[in-house]
$ cat structure-v4.json   # JSON, C-alpha atoms
[["chain", "number", "residue", "atom", "x", "y", "z"],
["Q", 160, "MET", "CA", 198.44, 73.57, 246.08],
["Q", 161, "LEU", "CA", 201.28, 75.86, 247.12],
["Q", 162, "THR", "CA", 203.63, 73.76, 249.28],
["Q", 163, "THR", "CA", 206.71, 74.51, 251.38],
["Q", 164, "THR", "CA", 208.38, 73.29, 254.60],
["Q", 165, "LEU", "CA", 208.94, 74.80, 258.02],
["Q", 166, "GLN", "CA", 212.68, 74.53, 257.38],
["Q", 167, "THR", "CA", 212.34, 76.72, 254.30],
["Q", 168, "ILE", "CA", 210.36, 79.30, 256.26],
["Q", 169, "TRP", "CA", 212.90, 79.16, 259.11],
["Q", 170, "ASN", "CA", 215.81, 79.70, 256.74],
["Q", 171, "LEU", "CA", 214.27, 82.98, 255.55],
["Q", 172, "LEU", "CA", 213.81, 84.47, 259.02],
["Q", 173, "PRO", "CA", 216.17, 87.33, 260.02],
["Q", 174, "LYS", "CA", 218.70, 86.09, 262.58],
["Q", 175, "ASP", "CA", 221.48, 87.55, 264.72],
["Q", 176, "GLU", "CA", 225.14, 86.53, 264.65],
["Q", 177, "GLU", "CA", 224.39, 83.56, 266.90],
["Q", 178, "GLY", "CA", 221.72, 82.26, 264.55],
["Q", 179, "LYS", "CA", 218.84, 83.23, 266.84],
["Q", 180, "THR", "CA", 215.74, 84.85, 265.41],
["Q", 181, "GLN", "CA", 215.56, 88.61, 265.88],
["Q", 182, "LYS", "CA", 212.65, 90.28, 267.58],
["Q", 183, "GLY", "CA", 209.92, 91.66, 265.33],
["Q", 184, "GLU", "CA", 206.94, 90.68, 263.19],
["Q", 185, "PRO", "CA", 208.61, 87.71, 261.39],
["Q", 186, "THR", "CA", 209.54, 86.05, 264.69],
["Q", 187, "LYS", "CA", 206.07, 86.68, 266.10],
["Q", 188, "TYR", "CA", 204.49, 84.97, 263.10],
["Q", 189, "TRP", "CA", 207.02, 82.13, 263.30],
["Q", 190, "ASN", "CA", 206.11, 81.43, 266.92],
["Q", 191, "GLY", "CA", 202.43, 81.53, 266.01],
["Q", 192, "LEU", "CA", 203.10, 79.17, 263.12],
["Q", 193, "LEU", "CA", 204.79, 76.60, 265.36],
["Q", 194, "LYS", "CA", 201.99, 76.82, 267.90],
["Q", 195, "GLY", "CA", 199.25, 76.58, 265.28],
["Q", 196, "LEU", "CA", 200.83, 73.51, 263.69],
["Q", 197, "GLY", "CA", 201.67, 71.84, 266.98],
["Q", 198, "LYS", "CA", 205.41, 71.94, 266.25],
["Q", 199, "THR", "CA", 208.40, 72.91, 268.38],
["Q", 200, "GLU", "CA", 211.09, 73.26, 265.70],
["Q", 201, "PRO", "CA", 211.51, 73.41, 261.91],
["Q", 202, "ASP", "CA", 211.40, 70.21, 259.87],
["Q", 203, "ASP", "CA", 211.20, 69.09, 256.23],
["Q", 204, "GLU", "CA", 207.61, 67.88, 256.28],
["Q", 205, "SER", "CA", 205.63, 69.30, 253.36],
["Q", 206, "ILE", "CA", 203.09, 71.89, 254.40],
["Q", 207, "THR", "CA", 200.59, 73.74, 252.22],
["Q", 208, "LEU", "CA", 199.85, 77.44, 252.33],
["Q", 209, "MET", "CA", 196.21, 76.44, 252.81],
["Q", 210, "ARG", "CA", 197.10, 74.53, 255.97],
["Q", 211, "ILE", "CA", 199.02, 77.52, 257.29],
["Q", 212, "LEU", "CA", 195.99, 79.70, 256.60],
["Q", 213, "GLU", "CA", 193.61, 77.33, 258.38],
["Q", 214, "SER", "CA", 195.91, 76.68, 261.35],
["Q", 215, "CYS", "CA", 197.50, 80.06, 261.92],
["Q", 216, "GLY", "CA", 195.35, 82.70, 260.27],
["Q", 217, "TRP", "CA", 195.46, 84.97, 257.26],
["Q", 218, "ARG", "CA", 198.18, 87.38, 258.38],
["Q", 219, "CYS", "CA", 200.53, 84.55, 259.29],
["Q", 220, "ALA", "CA", 199.92, 82.88, 255.92],
["Q", 221, "ILE", "CA", 200.58, 86.17, 254.09],
["Q", 222, "ALA", "CA", 203.85, 86.52, 256.02],
["Q", 223, "THR", "CA", 205.12, 83.15, 254.71],
["Q", 224, "THR", "CA", 204.59, 83.82, 250.98],
["Q", 225, "ASP", "CA", 208.34, 84.26, 250.46],
["Q", 226, "ALA", "CA", 208.83, 80.58, 251.30],
["Q", 227, "PHE", "CA", 207.30, 79.26, 248.07],
["Q", 228, "PRO", "CA", 210.12, 79.52, 245.50],
["Q", 229, "GLY", "CA", 209.07, 78.89, 241.93],
["Q", 230, "HIS", "CA", 205.60, 80.34, 242.47],
["Q", 231, "GLU", "CA", 206.48, 84.02, 242.24],
["Q", 232, "ARG", "CA", 204.19, 84.69, 239.27],
["Q", 233, "ALA", "CA", 201.09, 83.39, 241.02],
["Q", 234, "ILE", "CA", 201.94, 85.22, 244.24],
["Q", 235, "ARG", "CA", 202.55, 88.51, 242.38],
["Q", 236, "LEU", "CA", 199.18, 88.05, 240.67],
["Q", 237, "TYR", "CA", 197.50, 87.95, 244.08],
["Q", 238, "GLY", "CA", 199.26, 91.19, 244.96],
["Q", 239, "CYS", "CA", 197.85, 92.65, 241.73],
["Q", 240, "TYR", "CA", 194.35, 91.59, 242.78],
["Q", 241, "CYS", "CA", 194.72, 93.39, 246.11],
["Q", 242, "ALA", "CA", 196.10, 96.53, 244.47],
["Q", 243, "ARG", "CA", 193.33, 96.56, 241.85],
["Q", 244, "TYR", "CA", 190.67, 95.99, 244.52],
["Q", 245, "ILE", "CA", 191.47, 99.30, 246.20],
["Q", 246, "LEU", "CA", 192.47, 101.21, 243.05],
["Q", 247, "HIS", "CA", 189.13, 103.02, 242.85],
["Q", 248, "PHE", "CA", 190.03, 104.92, 246.02],
["Q", 249, "PHE", "CA", 192.83, 106.58, 244.08],
["Q", 250, "GLU", "CA", 190.92, 107.13, 240.85],
["Q", 251, "GLU", "CA", 187.87, 108.61, 242.57],
["Q", 252, "ASN", "CA", 189.89, 110.95, 244.80],
["Q", 253, "TYR", "CA", 192.66, 111.94, 242.41],
["Q", 254, "THR", "CA", 193.32, 115.65, 241.98],
["Q", 255, "GLU", "CA", 196.17, 117.05, 239.94],
["Q", 256, "ASN", "CA", 198.85, 119.09, 241.62],
["Q", 257, "LYS", "CA", 199.46, 121.86, 239.09],
["Q", 258, "ARG", "CA", 202.88, 122.64, 240.56],
["Q", 259, "LEU", "CA", 204.29, 119.41, 239.18],
["Q", 260, "HIS", "CA", 205.00, 118.47, 235.58],
["Q", 261, "GLN", "CA", 201.84, 117.05, 234.05],
["Q", 262, "GLU", "CA", 203.47, 113.98, 232.52],
["Q", 263, "TYR", "CA", 204.06, 112.66, 236.04],
["Q", 264, "LEU", "CA", 200.45, 113.18, 237.05],
["Q", 265, "GLU", "CA", 198.70, 110.72, 234.78],
["Q", 266, "LYS", "CA", 195.58, 109.51, 236.52],
["Q", 267, "GLU", "CA", 196.13, 106.20, 234.73],
["Q", 268, "ALA", "CA", 199.65, 105.62, 236.11],
["Q", 269, "PRO", "CA", 198.62, 103.34, 239.04],
["Q", 270, "ARG", "CA", 196.29, 101.31, 236.80],
["Q", 271, "GLN", "CA", 199.03, 100.97, 234.20],
["Q", 272, "ALA", "CA", 201.47, 99.78, 236.87],
["Q", 273, "ILE", "CA", 199.04, 97.08, 238.03],
["Q", 274, "GLU", "CA", 198.37, 96.00, 234.44],
["Q", 275, "ALA", "CA", 202.11, 95.85, 233.73],
["Q", 276, "ALA", "CA", 202.66, 93.69, 236.83],
["Q", 277, "GLU", "CA", 199.77, 91.40, 235.82],
["Q", 278, "ASN", "CA", 201.17, 91.03, 232.31],
["Q", 279, "PHE", "CA", 204.66, 90.43, 233.68],
["Q", 280, "ALA", "CA", 203.24, 87.60, 235.81],
["Q", 281, "ARG", "CA", 201.55, 86.23, 232.68],
["Q", 282, "GLY", "CA", 204.79, 86.36, 230.72],
["Q", 283, "LEU", "CA", 203.41, 88.97, 228.30],
["Q", 284, "VAL", "CA", 205.73, 91.90, 229.00],
["Q", 285, "SER", "CA", 209.37, 92.27, 229.99],
["Q", 286, "LEU", "CA", 210.82, 93.21, 233.35],
["Q", 287, "GLU", "CA", 211.88, 96.50, 231.77],
["Q", 288, "ALA", "CA", 208.28, 97.33, 230.82],
["Q", 289, "MET", "CA", 207.08, 96.65, 234.37],
["Q", 290, "THR", "CA", 209.92, 98.75, 235.81],
["Q", 291, "GLU", "CA", 209.01, 101.67, 233.54],
["Q", 292, "ALA", "CA", 205.41, 101.50, 234.78],
["Q", 293, "TRP", "CA", 206.69, 101.49, 238.38],
["Q", 294, "GLU", "CA", 208.82, 104.58, 237.69],
["Q", 295, "ARG", "CA", 205.79, 106.47, 236.37],
["Q", 296, "VAL", "CA", 203.51, 105.70, 239.29],
["Q", 297, "SER", "CA", 206.24, 106.31, 241.87],
["Q", 298, "LEU", "CA", 206.43, 109.94, 240.69],
["Q", 299, "VAL", "CA", 202.71, 110.62, 241.11],
["Q", 300, "ARG", "CA", 201.94, 113.01, 243.96],
["Q", 301, "LEU", "CA", 198.36, 113.47, 245.06],
["Q", 302, "GLY", "CA", 196.85, 116.93, 245.33],
["Q", 303, "ARG", "CA", 195.85, 117.50, 248.94],
["Q", 304, "ILE", "CA", 192.10, 117.19, 249.43],
["Q", 305, "LEU", "CA", 190.06, 116.71, 252.57],
["Q", 306, "LEU", "CA", 187.39, 114.01, 252.61],
["Q", 307, "HIS", "CA", 184.67, 113.80, 255.26],
["Q", 308, "GLY", "CA", 186.86, 115.50, 257.86],
["Q", 309, "ARG", "CA", 189.59, 112.86, 257.69],
["Q", 310, "GLY", "CA", 193.21, 113.16, 256.74],
["Q", 311, "PRO", "CA", 193.92, 114.17, 253.13],
["Q", 312, "ASP", "CA", 193.89, 111.35, 250.57],
["Q", 313, "ASP", "CA", 194.50, 108.58, 253.11],
["Q", 314, "GLU", "CA", 192.94, 105.68, 251.21],
["Q", 315, "ALA", "CA", 193.90, 107.18, 247.83],
["Q", 316, "GLU", "CA", 197.55, 107.34, 248.88],
["Q", 317, "ALA", "CA", 197.44, 103.74, 250.14],
["Q", 318, "ALA", "CA", 195.97, 102.63, 246.81],
["Q", 319, "LYS", "CA", 198.66, 104.47, 244.84],
["Q", 320, "ARG", "CA", 201.43, 102.94, 246.94],
["Q", 321, "ALA", "CA", 199.96, 99.46, 246.50],
["Q", 322, "ALA", "CA", 200.01, 99.96, 242.72],
["Q", 323, "ALA", "CA", 203.65, 101.02, 242.85],
["Q", 324, "GLU", "CA", 204.60, 98.13, 245.14],
["Q", 325, "VAL", "CA", 203.12, 95.44, 242.91],
["Q", 326, "ALA", "CA", 205.36, 96.54, 240.03],
["Q", 327, "THR", "CA", 208.50, 96.57, 242.19],
["Q", 328, "HIS", "CA", 211.51, 94.48, 241.15],
["Q", 329, "PRO", "CA", 213.91, 93.18, 242.27],
["Q", 330, "LYS", "CA", 212.52, 92.51, 245.71],
["Q", 331, "SER", "CA", 211.32, 89.40, 247.49],
["Q", 332, "ILE", "CA", 207.82, 88.58, 246.32],
["Q", 333, "GLY", "CA", 206.79, 87.83, 249.90],
["Q", 334, "ASP", "CA", 207.77, 91.31, 251.03],
["Q", 335, "ILE", "CA", 205.82, 92.78, 248.13],
["Q", 336, "VAL", "CA", 202.63, 90.91, 249.01],
["Q", 337, "VAL", "CA", 202.96, 91.68, 252.74],
["Q", 338, "THR", "CA", 203.34, 95.39, 251.96],
["Q", 339, "ILE", "CA", 200.44, 95.47, 249.49],
["Q", 340, "HIS", "CA", 198.24, 93.60, 251.94],
["Q", 341, "HIS", "CA", 199.11, 96.23, 254.55],
["Q", 342, "TYR", "CA", 198.15, 99.05, 252.16],
["Q", 343, "ALA", "CA", 194.91, 97.28, 251.24],
["Q", 344, "MET", "CA", 193.91, 96.91, 254.88],
["Q", 345, "ASP", "CA", 194.81, 100.55, 255.50],
["Q", 346, "ALA", "CA", 192.76, 101.75, 252.53],
["Q", 347, "LEU", "CA", 189.70, 99.77, 253.60],
["Q", 348, "ASN", "CA", 190.10, 100.98, 257.17],
["Q", 349, "PHE", "CA", 190.51, 104.63, 256.15],
["Q", 350, "ALA", "CA", 187.54, 104.45, 253.79],
["Q", 351, "ALA", "CA", 185.31, 102.84, 256.41],
["Q", 352, "TRP", "CA", 185.44, 106.10, 258.40],
["Q", 353, "GLY", "CA", 183.51, 108.08, 255.83],
["Q", 354, "VAL", "CA", 183.39, 106.68, 252.30],
["Q", 355, "VAL", "CA", 182.38, 103.02, 252.22],
["Q", 356, "GLY", "CA", 181.27, 102.28, 255.78],
["Q", 357, "GLU", "CA", 182.05, 99.33, 258.03],
["Q", 358, "GLU", "CA", 179.98, 96.77, 256.10],
["Q", 359, "ALA", "CA", 181.92, 97.47, 252.92],
["Q", 360, "GLU", "CA", 185.19, 97.21, 254.86],
["Q", 361, "VAL", "CA", 184.20, 93.78, 256.19],
["Q", 362, "LYS", "CA", 183.19, 92.68, 252.69],
["Q", 363, "GLY", "CA", 186.48, 93.94, 251.29],
["Q", 364, "ARG", "CA", 188.51, 91.97, 253.79],
["Q", 365, "GLU", "CA", 186.50, 88.84, 253.07],
["Q", 366, "ASP", "CA", 186.87, 89.28, 249.30],
["Q", 367, "LEU", "CA", 190.66, 89.52, 249.66],
["Q", 368, "ARG", "CA", 190.70, 86.49, 251.94],
["Q", 369, "GLN", "CA", 188.66, 84.40, 249.50],
["Q", 370, "GLU", "CA", 191.00, 85.39, 246.70],
["Q", 371, "PHE", "CA", 193.93, 84.32, 248.85],
["Q", 372, "ILE", "CA", 192.31, 80.89, 249.19],
["Q", 373, "ARG", "CA", 192.18, 80.70, 245.38],
["Q", 374, "LEU", "CA", 195.92, 81.41, 245.38],
["Q", 375, "CYS", "CA", 196.54, 78.70, 247.98],
["Q", 376, "LYS", "CA", 194.74, 76.18, 245.76],
["Q", 377, "LEU", "CA", 196.25, 77.58, 242.52],
["Q", 378, "GLU", "CA", 192.79, 77.93, 241.07],
["Q", 379, "GLY", "CA", 192.04, 79.62, 237.75],
["Q", 380, "GLU", "CA", 194.71, 81.95, 236.44],
["Q", 381, "TYR", "CA", 196.94, 81.29, 239.45],
["Q", 382, "GLY", "CA", 197.39, 77.75, 238.19],
["Q", 383, "GLU", "CA", 197.94, 78.96, 234.63],
["Q", 384, "VAL", "CA", 200.76, 81.36, 235.47],
["Q", 385, "ASP", "CA", 202.24, 78.74, 237.78],
["Q", 386, "LYS", "CA", 202.48, 76.32, 234.85],
["Q", 387, "LEU", "CA", 204.19, 79.08, 232.89],
["Q", 388, "GLU", "CA", 206.75, 79.46, 235.68],
["Q", 389, "ILE", "CA", 207.43, 75.70, 235.61],
["Q", 390, "GLN", "CA", 207.83, 75.75, 231.83],
["Q", 391, "LYS", "CA", 210.32, 78.61, 231.99],
["Q", 392, "GLN", "CA", 212.30, 76.87, 234.74],
["Q", 393, "THR", "CA", 212.39, 73.66, 232.68],
["Q", 394, "LYS", "CA", 213.66, 75.56, 229.64],
["Q", 395, "ARG", "CA", 216.37, 77.24, 231.72],
["Q", 396, "LEU", "CA", 217.50, 73.85, 233.06],
["Q", 397, "GLU", "CA", 217.54, 72.35, 229.56],
["Q", 398, "LYS", "CA", 219.55, 75.30, 228.30],
["Q", 399, "CYS", "CA", 222.06, 74.92, 231.12],
["Q", 400, "GLY", "CA", 222.33, 71.19, 230.37],
["Q", 401, "THR", "CA", 223.13, 71.79, 226.71],
["Q", 402, "GLY", "CA", 225.30, 74.83, 227.28]]

$ encode --input "structure-v4.json" --output "structure tokens"
Amino acid sequence: MLTTTLQTIWNLLPKDEEGKTQKGEPTKYWNGLLKGLGKTEPDDESITLMRILESCGWRCAIATTDAFPGHERAIRLYGCYCARYILHFFEENYTENKRLHQEYLEKEAPRQAIEAAENFARGLVSLEAMTEAWERVSLVRLGRILLHGRGPDDEAEAAKRAAAEVATHPKSIGDIVVTIHHYAMDALNFAAWGVVGEEAEVKGREDLRQEFIRLCKLEGEYGEVDKLEIQKQTKRLEKCGTG
């Protein structure tokens, strides 16, 4: 289980010069977190991400993912799942913009960025390789097409941005997942207007939520990459001790 404390979450909140929390989404979620857990102030009691999800809701739980240091690989992998889930919106709606250099218009660039981020989480590729994949997808510009009377490429653009975000580094992993989650919800919402329909949108949201529960419990590959993170941390500590 992914575990943190309210004190850890509190320490990460943006604050003013007097140490008071600033207005905005983080503070809103913090207040909801306290209310949902029946608390009035931060403490050092262990709390699982699953408990946050059950007590305070999915969005609040997503907003706290930065407060689980040492679990960045597993959390990035969830971001990859979200980005891959909506990737088809990009691939199905992609049109090349002939005015731009073709090497920056690879239809595979978003998929390659997600795969690089997945392999980085698995310890199979370097940070440099993931960064190169991010650079390629960040240069992709969609040709402007109109779908079902809606805005041009709305869900396709959200899918492309999610792919770029998941390969971003350095940046707090919590911010990455929050942003990707936002793009995923946008893509599903845009698509519901004319491509997939409301039932598919509801299913998509539920699929992403169920996958988040797997992350909370460190099931399957989430647990495997988490063990890898622990092993690497142990090796770093041993190296420091002998250095």

$ closest_residue --input "structure-v4.json" --among "Q:Val337, Q:Leu208, Q:Ala288, Q:Leu172" --to "Cys241 (chain Q)" --atoms "all atoms listed in the file"
Q:Val337

$ atom_distance --input "structure-v4.json" --atom1 "CA of Glu213 (chain Q)" --atom2 "CA of Lys386 (chain Q)"
25.2 Å

$ closest_residue --input "structure-v4.json" --among "Q:Val299, Q:Ala226, Q:Ala326, Q:Ala233" --to "Ile273 (chain Q)" --atoms "all atoms listed in the file"
Q:Ala326

$ atom_distance --input "structure-v4.json" --atom1 "CA of Gly238 (chain Q)" --atom2 "CA of Ser205 (chain Q)"
24.3 Å

$ closest_residue --input "structure-v4.json" --among "Q:Met289, Q:Ile245, Q:Cys375, Q:Ala321" --to "Ala359 (chain Q)" --atoms "all atoms listed in the file"
Q:Ile245

$ closest_residue --input "structure-v4.json" --among "Q:Ala276, Q:Gln271, Q:Tyr244, Q:Leu377" --to "Ala318 (chain Q)" --atoms "all atoms listed in the file"
Q:Tyr244

$ closest_residue --input "structure-v4.json" --among "Q:Pro269, Q:Thr164, Q:Arg281, Q:Gly197" --to "Tyr381 (chain Q)" --atoms "all atoms listed in the file"
Q:Arg281

$ atom_distance --input "structure-v4.json" --atom1 "CA of Thr199 (chain Q)" --atom2 "CA of Leu165 (chain Q)"
10.5 Å

$ closest_residue --input "structure-v4.json" --among "Q:Leu298, Q:Asp313, Q:Phe349, Q:Tyr237" --to "Asp366 (chain Q)" --atoms "only C-alpha atoms"
Q:Tyr237

$ residues_around --input "structure-v4.json" --residues "Thr207 (chain Q)" --least-positions-apart "3" --cutoff "9 Å" --atoms "all atoms listed in the file" --output "PDB file with C-alpha atoms, in the coordinates of the input"
ATOM      1  CA  MET Q 160     198.440  73.570 246.080  1.00  0.00           C
ATOM      2  CA  LEU Q 161     201.280  75.860 247.120  1.00  0.00           C
ATOM      3  CA  THR Q 162     203.630  73.760 249.280  1.00  0.00           C
ATOM      4  CA  THR Q 163     206.710  74.510 251.380  1.00  0.00           C
ATOM      5  CA  THR Q 164     208.380  73.290 254.600  1.00  0.00           C
ATOM      6  CA  ARG Q 210     197.100  74.530 255.970  1.00  0.00           C
ATOM      7  CA  ILE Q 211     199.020  77.520 257.290  1.00  0.00           C
ATOM      8  CA  LEU Q 212     195.990  79.700 256.600  1.00  0.00           C
ATOM      9  CA  CYS Q 375     196.540  78.700 247.980  1.00  0.00           C
TER      10      CYS Q 375
END

$ residues_near_point --input "structure-v4.json" --point "(206.7, 82.3, 238.7)" --cutoff "7 Å" --atoms "all atoms listed in the file" --output "PyMOL selection string"
chain Q and resi 229-233+280+384-385+388

$ axis_aligned_box --input "structure-v4.json" --around "region 238-244 of chain Q" --padding-each-side "3 Å" --output "AutoDock Vina command-line options"
--center_x 195.0 --center_y 93.9 --center_z 243.9 --size_x 14.6 --size_y 11.4 --size_z 10.4

$ residues_around --input "structure-v4.json" --residues "Asp225 (chain Q)" --least-positions-apart "3" --cutoff "8 Å" --atoms "only C-alpha atoms" --output "ChimeraX atom specification"
/Q:168,171,222,228,331-334

$ write_last_selection --input "structure-v4.json" --atoms "C-alpha atoms" --output "compact mmCIF listing (two decimals), in the coordinates of the input"
# COMPACT_ATOMS: atom_id res chain seq x y z
CA ILE Q 168 210.36 79.30 256.26
CA LEU Q 171 214.27 82.98 255.55
CA ALA Q 222 203.85 86.52 256.02
CA PRO Q 228 210.12 79.52 245.50
CA SER Q 331 211.32 89.40 247.49
CA ILE Q 332 207.82 88.58 246.32
CA GLY Q 333 206.79 87.83 249.90
CA ASP Q 334 207.77 91.31 251.03

$ residues_around --input "structure-v4.json" --residues "region 342-344 of chain Q" --least-positions-apart "5" --cutoff "12 Å" --atoms "all atoms listed in the file" --output "PyMOL selection string"
chain Q and resi 218+238-249+313-325+335-337+349-351+360-368
